[in-house]
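Reproduced below: my_file_12.cif, with mmCIF, C-alpha atoms and all ligand atoms.
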data_input
#
loop_
_atom_site.label_atom_id
_atom_site.label_comp_id
_atom_site.auth_asym_id
_atom_site.auth_seq_id
_atom_site.Cartn_x
_atom_site.Cartn_y
_atom_site.Cartn_z
CA MET A 291 4.73 -18.17 3.67
CA SER A 292 2.28 -15.30 3.34
CA PHE A 293 1.56 -13.49 0.09
CA THR A 294 -0.94 -10.65 0.03
CA ILE A 295 -2.89 -9.39 -2.95
CA ALA A 296 -4.63 -6.04 -2.35
CA ILE A 297 -7.50 -5.21 -4.70
CA ASP A 298 -9.15 -1.80 -4.41
CA GLY A 299 -11.62 0.16 -6.46
CA PRO A 300 -15.09 1.74 -6.52
CA ALA A 301 -18.41 -0.11 -6.29
CA ALA A 302 -19.38 -2.41 -9.17
CA ALA A 303 -16.06 -2.08 -11.01
CA GLY A 304 -15.63 -5.85 -11.03
CA LYS A 305 -13.43 -5.94 -7.93
CA GLY A 306 -15.39 -8.70 -6.20
CA THR A 307 -15.51 -10.92 -9.26
CA VAL A 308 -11.80 -10.41 -10.00
CA SER A 309 -10.91 -11.03 -6.34
CA LYS A 310 -12.91 -14.25 -6.09
CA GLY A 311 -11.49 -15.45 -9.42
CA VAL A 312 -7.91 -14.63 -8.44
CA ALA A 313 -8.31 -16.33 -5.04
CA ALA A 314 -9.70 -19.46 -6.70
CA HIS A 315 -6.98 -19.44 -9.37
CA PHE A 316 -4.10 -19.28 -6.88
CA GLY A 317 -5.79 -21.20 -4.05
CA PHE A 318 -5.64 -18.16 -1.73
CA ALA A 319 -8.13 -17.17 0.97
CA HIS A 320 -10.39 -14.21 0.13
CA LEU A 321 -11.80 -11.42 2.31
CA ASP A 322 -14.37 -8.98 0.91
CA THR A 323 -13.69 -6.13 3.36
CA GLY A 324 -16.81 -4.27 2.20
CA LEU A 325 -18.75 -6.88 4.16
CA LEU A 326 -17.21 -5.57 7.40
CA TYR A 327 -18.53 -2.06 6.73
CA ARG A 328 -21.86 -3.44 5.53
CA ALA A 329 -22.20 -5.48 8.71
CA VAL A 330 -21.54 -2.34 10.79
CA GLY A 331 -24.00 -0.39 8.62
CA ARG A 332 -26.66 -3.04 9.15
CA ARG A 333 -26.23 -2.91 12.92
CA VAL A 334 -26.50 0.89 12.80
CA LEU A 335 -29.73 0.66 10.79
CA ALA A 336 -30.97 -1.58 13.60
CA GLY A 337 -30.27 1.23 16.10
CA GLU A 338 -26.72 0.64 17.34
CA GLU A 339 -24.05 3.28 17.74
CA PRO A 340 -21.44 2.90 14.93
CA VAL A 341 -18.20 2.57 16.92
CA ALA A 342 -19.73 0.11 19.40
CA ALA A 343 -21.16 -1.83 16.45
CA ALA A 344 -17.73 -2.04 14.78
CA ARG A 345 -16.09 -3.24 18.01
CA ALA A 346 -18.78 -5.87 18.55
CA LEU A 347 -18.57 -7.39 15.06
CA SER A 348 -18.31 -11.17 14.90
CA GLN A 349 -18.09 -13.83 12.20
CA ALA A 350 -21.86 -14.34 12.38
CA ASP A 351 -22.41 -10.71 11.30
CA LEU A 352 -20.48 -11.38 8.09
CA GLU A 353 -22.53 -14.42 7.18
CA ARG A 354 -25.92 -12.67 7.15
CA GLN A 355 -27.83 -12.76 3.88
CA ASP A 356 -29.17 -9.20 4.11
CA LEU A 357 -25.87 -7.33 3.66
CA ARG A 358 -26.22 -6.80 -0.10
CA SER A 359 -29.11 -4.34 -0.20
CA ALA A 360 -28.73 -0.75 -1.46
CA GLU A 361 -29.87 0.52 1.94
CA VAL A 362 -27.10 -1.36 3.74
CA ALA A 363 -24.55 -0.20 1.11
CA GLN A 364 -25.40 3.44 1.81
CA ALA A 365 -25.28 2.86 5.57
CA ALA A 366 -21.87 1.16 5.10
CA SER A 367 -20.39 4.13 3.25
CA LYS A 368 -21.68 6.45 6.01
CA VAL A 369 -20.10 4.49 8.87
CA ALA A 370 -16.91 4.10 6.78
CA VAL A 371 -16.12 7.83 7.15
CA ILE A 372 -15.76 7.44 10.95
CA PRO A 373 -12.06 6.97 11.89
CA GLU A 374 -12.85 4.91 15.04
CA VAL A 375 -14.99 2.53 13.00
CA ARG A 376 -12.14 2.01 10.51
CA ALA A 377 -9.62 1.59 13.35
CA ALA A 378 -11.76 -1.11 14.99
CA LEU A 379 -11.58 -3.19 11.79
CA VAL A 380 -7.83 -2.93 11.07
CA ASP A 381 -6.47 -5.87 13.11
CA PHE A 382 -8.94 -8.37 11.71
CA GLN A 383 -7.99 -7.40 8.14
CA ARG A 384 -4.21 -7.45 8.80
CA ASP A 385 -4.41 -10.84 10.53
CA PHE A 386 -6.32 -12.17 7.55
CA ALA A 387 -3.73 -10.73 5.13
CA ARG A 388 -0.84 -12.44 6.91
CA ARG A 389 -2.31 -15.92 7.00
CA GLU A 390 -0.25 -18.79 5.65
CA GLY A 391 -0.84 -19.77 2.07
CA GLY A 392 -1.76 -16.40 0.60
CA ALA A 393 -4.65 -13.96 0.89
CA VAL A 394 -6.67 -11.71 -1.39
CA LEU A 395 -8.34 -8.71 0.26
CA ASP A 396 -10.61 -6.39 -1.67
CA GLY A 397 -11.92 -3.00 -0.59
CA ARG A 398 -11.11 0.69 -0.84
CA ASP A 399 -7.96 1.18 1.27
CA ILE A 400 -6.22 -2.20 1.24
CA GLY A 401 -3.18 -1.14 -0.82
CA THR A 402 -2.95 2.30 0.80
CA VAL A 403 -3.69 1.72 4.51
CA ILE A 404 -4.38 -1.88 5.54
CA CYS A 405 -1.61 -3.65 3.59
CA PRO A 406 0.83 -1.03 2.24
CA ASP A 407 3.42 -3.84 1.86
CA ALA A 408 1.18 -6.17 -0.16
CA GLU A 409 3.13 -8.13 -2.77
CA VAL A 410 0.61 -7.16 -5.46
CA LYS A 411 -1.77 -4.19 -5.60
CA LEU A 412 -4.48 -3.84 -8.19
CA PHE A 413 -6.84 -0.89 -8.61
CA VAL A 414 -9.90 -2.14 -10.48
CA THR A 415 -12.06 0.57 -11.97
CA ALA A 416 -14.64 1.33 -14.69
CA SER A 417 -16.68 4.37 -15.71
CA PRO A 418 -19.62 5.30 -13.43
CA GLU A 419 -22.07 4.59 -16.28
CA VAL A 420 -20.71 1.09 -16.88
CA ARG A 421 -20.71 0.37 -13.14
CA ALA A 422 -24.27 1.64 -12.71
CA GLU A 423 -25.45 -0.49 -15.64
CA ARG A 424 -23.86 -3.61 -14.11
CA ARG A 425 -25.43 -2.91 -10.73
CA TYR A 426 -28.80 -2.20 -12.42
CA LEU A 427 -28.74 -5.54 -14.26
CA GLU A 428 -27.69 -7.35 -11.08
CA LEU A 429 -30.48 -5.81 -8.98
CA THR A 430 -33.26 -6.10 -11.58
CA GLY A 431 -32.10 -9.68 -12.18
CA LYS A 432 -32.96 -10.32 -8.53
CA GLY A 433 -36.37 -8.71 -9.04
CA ALA A 434 -35.60 -5.30 -7.49
CA ASP A 435 -37.77 -2.39 -8.59
CA VAL A 436 -35.16 0.27 -9.44
CA THR A 437 -34.40 2.64 -12.33
CA ARG A 438 -31.09 3.21 -14.13
CA ASP A 439 -31.06 6.86 -13.04
CA GLN A 440 -31.58 5.90 -9.41
CA ILE A 441 -28.66 3.46 -9.52
CA LEU A 442 -26.35 5.92 -11.30
CA ALA A 443 -27.17 8.56 -8.67
CA GLU A 444 -26.40 6.07 -5.87
CA VAL A 445 -23.12 5.03 -7.49
CA ARG A 446 -22.05 8.68 -7.82
CA GLU A 447 -23.11 9.48 -4.26
CA ARG A 448 -21.16 6.54 -2.83
CA ASP A 449 -18.10 7.35 -5.02
CA ALA A 450 -18.12 10.94 -3.77
CA ARG A 451 -18.34 9.86 -0.13
CA ASP A 452 -15.62 7.22 -0.56
CA THR A 453 -13.14 9.46 -2.44
CA GLU A 454 -13.69 12.67 -0.47
CA ARG A 455 -13.52 11.36 3.10
CA SER A 456 -10.41 12.37 5.02
CA THR A 457 -9.62 8.98 6.60
CA ALA A 458 -8.48 6.32 4.11
CA PRO A 459 -10.14 7.78 1.00
CA LEU A 460 -10.58 5.63 -2.09
CA LYS A 461 -7.53 6.16 -4.30
CA PRO A 462 -4.98 3.95 -6.05
CA ALA A 463 -1.77 3.23 -4.12
CA GLU A 464 1.25 4.72 -5.93
CA ASP A 465 2.47 1.24 -6.78
CA ALA A 466 -0.93 -0.19 -7.79
CA VAL A 467 -1.51 -1.59 -11.26
CA LEU A 468 -4.64 -0.03 -12.80
CA LEU A 469 -7.18 -2.38 -14.35
CA ASP A 470 -10.01 -0.58 -16.18
CA THR A 471 -12.76 -3.11 -16.82
CA SER A 472 -15.13 -0.76 -18.73
CA ASP A 473 -14.58 -2.61 -22.02
CA LEU A 474 -13.55 -6.01 -20.65
CA SER A 475 -15.57 -9.18 -20.11
CA ILE A 476 -15.24 -10.94 -16.74
CA GLU A 477 -12.91 -13.51 -18.33
CA GLU A 478 -10.69 -10.79 -19.85
CA ALA A 479 -10.49 -8.83 -16.59
CA LEU A 480 -9.60 -11.95 -14.65
CA ALA A 481 -6.96 -13.02 -17.19
CA LYS A 482 -5.27 -9.60 -16.93
CA ALA A 483 -5.29 -9.72 -13.13
CA VAL A 484 -3.84 -13.25 -13.12
CA SER A 485 -1.03 -12.24 -15.49
CA VAL A 486 -0.08 -9.20 -13.34
CA ILE A 487 0.07 -11.45 -10.24
CA GLU A 488 2.03 -14.22 -11.99
CA GLU A 489 4.76 -11.71 -12.84
CA ARG A 490 5.25 -11.08 -9.12
CA LEU A 491 4.85 -14.56 -7.65
O1 LIG A 501 -17.39 -2.95 -1.46
P1 LIG A 501 -18.75 -2.64 -0.89
O2 LIG A 501 -19.66 -1.97 -1.87
O3 LIG A 501 -19.38 -3.82 -0.25
O4 LIG A 501 -18.46 -1.59 0.29
C1 LIG A 501 -19.50 -0.92 0.98
C2 LIG A 501 -18.94 0.39 1.52
O5 LIG A 501 -17.99 0.11 2.55
C3 LIG A 501 -18.17 1.25 0.52
O6 LIG A 501 -18.99 2.17 -0.18
C4 LIG A 501 -17.15 1.97 1.38
O7 LIG A 501 -17.69 3.16 1.89
C5 LIG A 501 -16.92 1.05 2.52
N1 LIG A 501 -15.63 0.36 2.45
C6 LIG A 501 -14.52 1.03 2.91
N2 LIG A 501 -13.31 0.41 2.94
C7 LIG A 501 -13.18 -0.85 2.50
C8 LIG A 501 -14.30 -1.55 2.00
C9 LIG A 501 -15.52 -0.91 1.98
O8 LIG A 501 -14.61 2.20 3.28
N3 LIG A 501 -11.98 -1.43 2.57
#

Could you render the structure from this file as structure tokens?
Ligand code: C5P
Amino acid sequence: MSFTIAIDGPAAAGKGTVSKGVAAHFGFAHLDTGLLYRAVGRRVLAGEEPVAAARALSQADLERQDLRSAEVAQAASKVAVIPEVRAALVDFQRDFARREGGAVLDGRDIGTVICPDAEVKLFVTASPEVRAERRYLELTGKGADVTRDQILAEVRERDARDTERSTAPLKPAEDAVLLDTSDLSIEEALAKAVSVIEERL
């Protein structure tokens, strides 16, 4: 039996944490689809052409340690506007979603484009200020030399690019359940997500 949970939302809304927690709770496999776009972005920063880079992607690309940088994130959101790049990544995501035993996919267009028939759709969001603060604490915690203003500007820039693009823009599916994590702890956000999913299992 396959059971697909689609989790979408903007950067640093808590999507990744909720997705990992939900996958662990239900024993489902998890795919962070942002990694696919980051891996393409990283190849493009290294000089490759975006569509060829997307078509050439392999498992090894997804396991690299350097996909989390702000530079790669910006490159990812730039390649993500190219329809042929998105098209090259569809089959991998759909195959993952249909695997036996259940799957959690998180990204921007999972509930709207990749898995419109997902059994559960969550749209995880939070205010730009809260998201920028979380990202700031995460990056400075790792020793990065960044300012709050810089991070807020990057969050807004990436939001604008993700919501305004014409192919698969970031938006909640009509049947998605909204989860605003602005005033929630990680535990509270995860508990809400688990209860929404349990109602549909
Ligand atoms: O989620 P993450 O921050 O790793 O995603 C990096 C970028 O990849 C996003 O800003 C977005 O432009 C793109 N992306 C996308 N569709 C997805 C996942 C990520 O366009 N399903």

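Considering the residues A:Val369, A:Met291, A:Ala313, A:Val308 and counting only C-alpha atoms, Leu469 (chain A) has its shortest atom-to-atom contact with A:Val308.
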
Chain A residues near ligand LIG 501 (chain A) within 9 Å, closest pair each, using all atoms listed in the file, as a tab-separated table:
residue	atom	partner	partner_atom	distance
A:Asp298	CA	A:LIG501	N3	7.5
A:Gly299	CA	A:LIG501	O1	8.2
A:Pro300	CA	A:LIG501	O1	7.3
A:Ala301	CA	A:LIG501	O2	5.0
A:Ala302	CA	A:LIG501	O2	7.3
A:Lys305	CA	A:LIG501	O1	8.2
A:Gly306	CA	A:LIG501	O1	7.7
A:Asp322	CA	A:LIG501	O1	7.1
A:Thr323	CA	A:LIG501	C8	4.8
A:Gly324	CA	A:LIG501	O3	3.6
A:Leu325	CA	A:LIG501	O3	5.4
A:Leu326	CA	A:LIG501	C8	7.3
A:Tyr327	CA	A:LIG501	O5	4.7
A:Arg328	CA	A:LIG501	C1	5.7
A:Gly331	CA	A:LIG501	O5	8.6
A:Leu357	CA	A:LIG501	O3	8.4
A:Arg358	CA	A:LIG501	O3	7.5
A:Val362	CA	A:LIG501	C1	8.1
A:Ala363	CA	A:LIG501	C1	5.1
A:Gln364	CA	A:LIG501	O6	6.8
A:Ala365	CA	A:LIG501	C2	7.9
A:Ala366	CA	A:LIG501	C2	4.7
A:Ser367	CA	A:LIG501	O7	3.2
A:Lys368	CA	A:LIG501	O7	6.6
A:Val369	CA	A:LIG501	O7	7.5
A:Ala370	CA	A:LIG501	O8	4.6
A:Val371	CA	A:LIG501	O8	7.0
A:Arg376	CA	A:LIG501	O8	7.6
A:Leu395	CA	A:LIG501	N3	8.5
A:Asp396	CA	A:LIG501	N3	6.7
A:Gly397	CA	A:LIG501	N3	3.5
A:Arg398	CA	A:LIG501	N3	4.1
A:Asp399	CA	A:LIG501	N3	5.0
A:Ile400	CA	A:LIG501	N3	6.0
A:Ile404	CA	A:LIG501	N3	8.2
A:Val445	CA	A:LIG501	O6	8.9
A:Arg448	CA	A:LIG501	O6	5.6
A:Asp449	CA	A:LIG501	O6	7.1
A:Arg451	CA	A:LIG501	O7	7.0
A:Asp452	CA	A:LIG501	O7	5.2
A:Thr453	CA	A:LIG501	O7	8.9
A:Ala458	CA	A:LIG501	O8	7.4
A:Pro459	CA	A:LIG501	O8	7.5
A:Leu460	CA	A:LIG501	O8	7.5

The centre and edge lengths of an axis-aligned box containing all atoms of region 307-310 of chain A present in the file, extended by 8 Å on each side, are to be given in Å to one decimal, as lines of an AutoDock Vina configuration file.
center_x = -13.2
center_y = -12.3
center_z = -8.0
size_x = 20.6
size_y = 19.8
size_z = 19.9

Exercise for the section: Using only C-alpha atoms, collect all residues at a distance of at most 8 Å from (-22.1, -4.1, -10.7) as written in the file, then present them as number ranges by chain. Expected result: A: 301-304, 421-428

Keeping C-alpha atoms, export the residues of the selection given above as a PDB file, in the frame of the given file.
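So the final result, stored in out.pdb, reads:
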ATOM      1  CA  ALA A 301     -18.410  -0.110  -6.290  1.00  0.00           C
ATOM      2  CA  ALA A 302     -19.380  -2.410  -9.170  1.00  0.00           C
ATOM      3  CA  ALA A 303     -16.060  -2.080 -11.010  1.00  0.00           C
ATOM      4  CA  GLY A 304     -15.630  -5.850 -11.030  1.00  0.00           C
ATOM      5  CA  ARG A 421     -20.710   0.370 -13.140  1.00  0.00           C
ATOM      6  CA  ALA A 422     -24.270   1.640 -12.710  1.00  0.00           C
ATOM      7  CA  GLU A 423     -25.450  -0.490 -15.640  1.00  0.00           C
ATOM      8  CA  ARG A 424     -23.860  -3.610 -14.110  1.00  0.00           C
ATOM      9  CA  ARG A 425     -25.430  -2.910 -10.730  1.00  0.00           C
ATOM     10  CA  TYR A 426     -28.800  -2.200 -12.420  1.00  0.00           C
ATOM     11  CA  LEU A 427     -28.740  -5.540 -14.260  1.00  0.00           C
ATOM     12  CA  GLU A 428     -27.690  -7.350 -11.080  1.00  0.00           C
TER      13      GLU A 428
END

Fill in the blank from the handout: Here CA of Val375 (chain A) and CA of Arg345 (chain A) stand apart by 7.7 Å

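In this structure, CA of Val394 (chain A) sits 6.5 Å away from CA of Phe318 (chain A).
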
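CA of Val420 (chain A) lies 23.8 Å from CA of Ser485 (chain A).
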
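Distances to Leu491 (chain A) were evaluated for A:Ala346, A:Ala408, A:Val403, A:Leu352 using all atoms listed in the file, and the minimum falls at A:Ala408.
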
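If you measure from each of A:Arg490, A:Arg354, A:Arg388, A:Lys310 to Lys411 (chain A) using all atoms listed in the file, the closest one turns out to be A:Arg490.
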
Handout entry: Distance query Ala387 (chain A) at most 9 Å, only C-alpha atoms, self and fewer than 3 positions along chain excluded, as an MDAnalysis selection string
Key = chainID A and resid 292:296 319 321 382:384 390 392:395 404:405 408

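With all atoms listed in the file as the atoms that count, the residue of A:Ser417, A:Glu361, A:Leu379, A:Pro373 with the shortest distance to Ala344 (chain A) is A:Leu379.
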
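Using all atoms listed in the file, the smallest distance between any of A:Arg446, A:Glu454, A:Phe316, A:Leu480 and Gly391 (chain A) comes from A:Phe316.
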
Practice task
Just the residues within 9 Å of Arg333 (chain A), please, counting only C-alpha atoms, with nothing from its chain fewer than 4 positions along; format it as number ranges by chain.
Solution key: A: 328-329, 337-340, 343-344, 351

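Residue nearest Ile297 (chain A), chosen from A:Thr430, A:Ser456, A:Ser348, A:Thr402 and counting only C-alpha atoms: A:Thr402.
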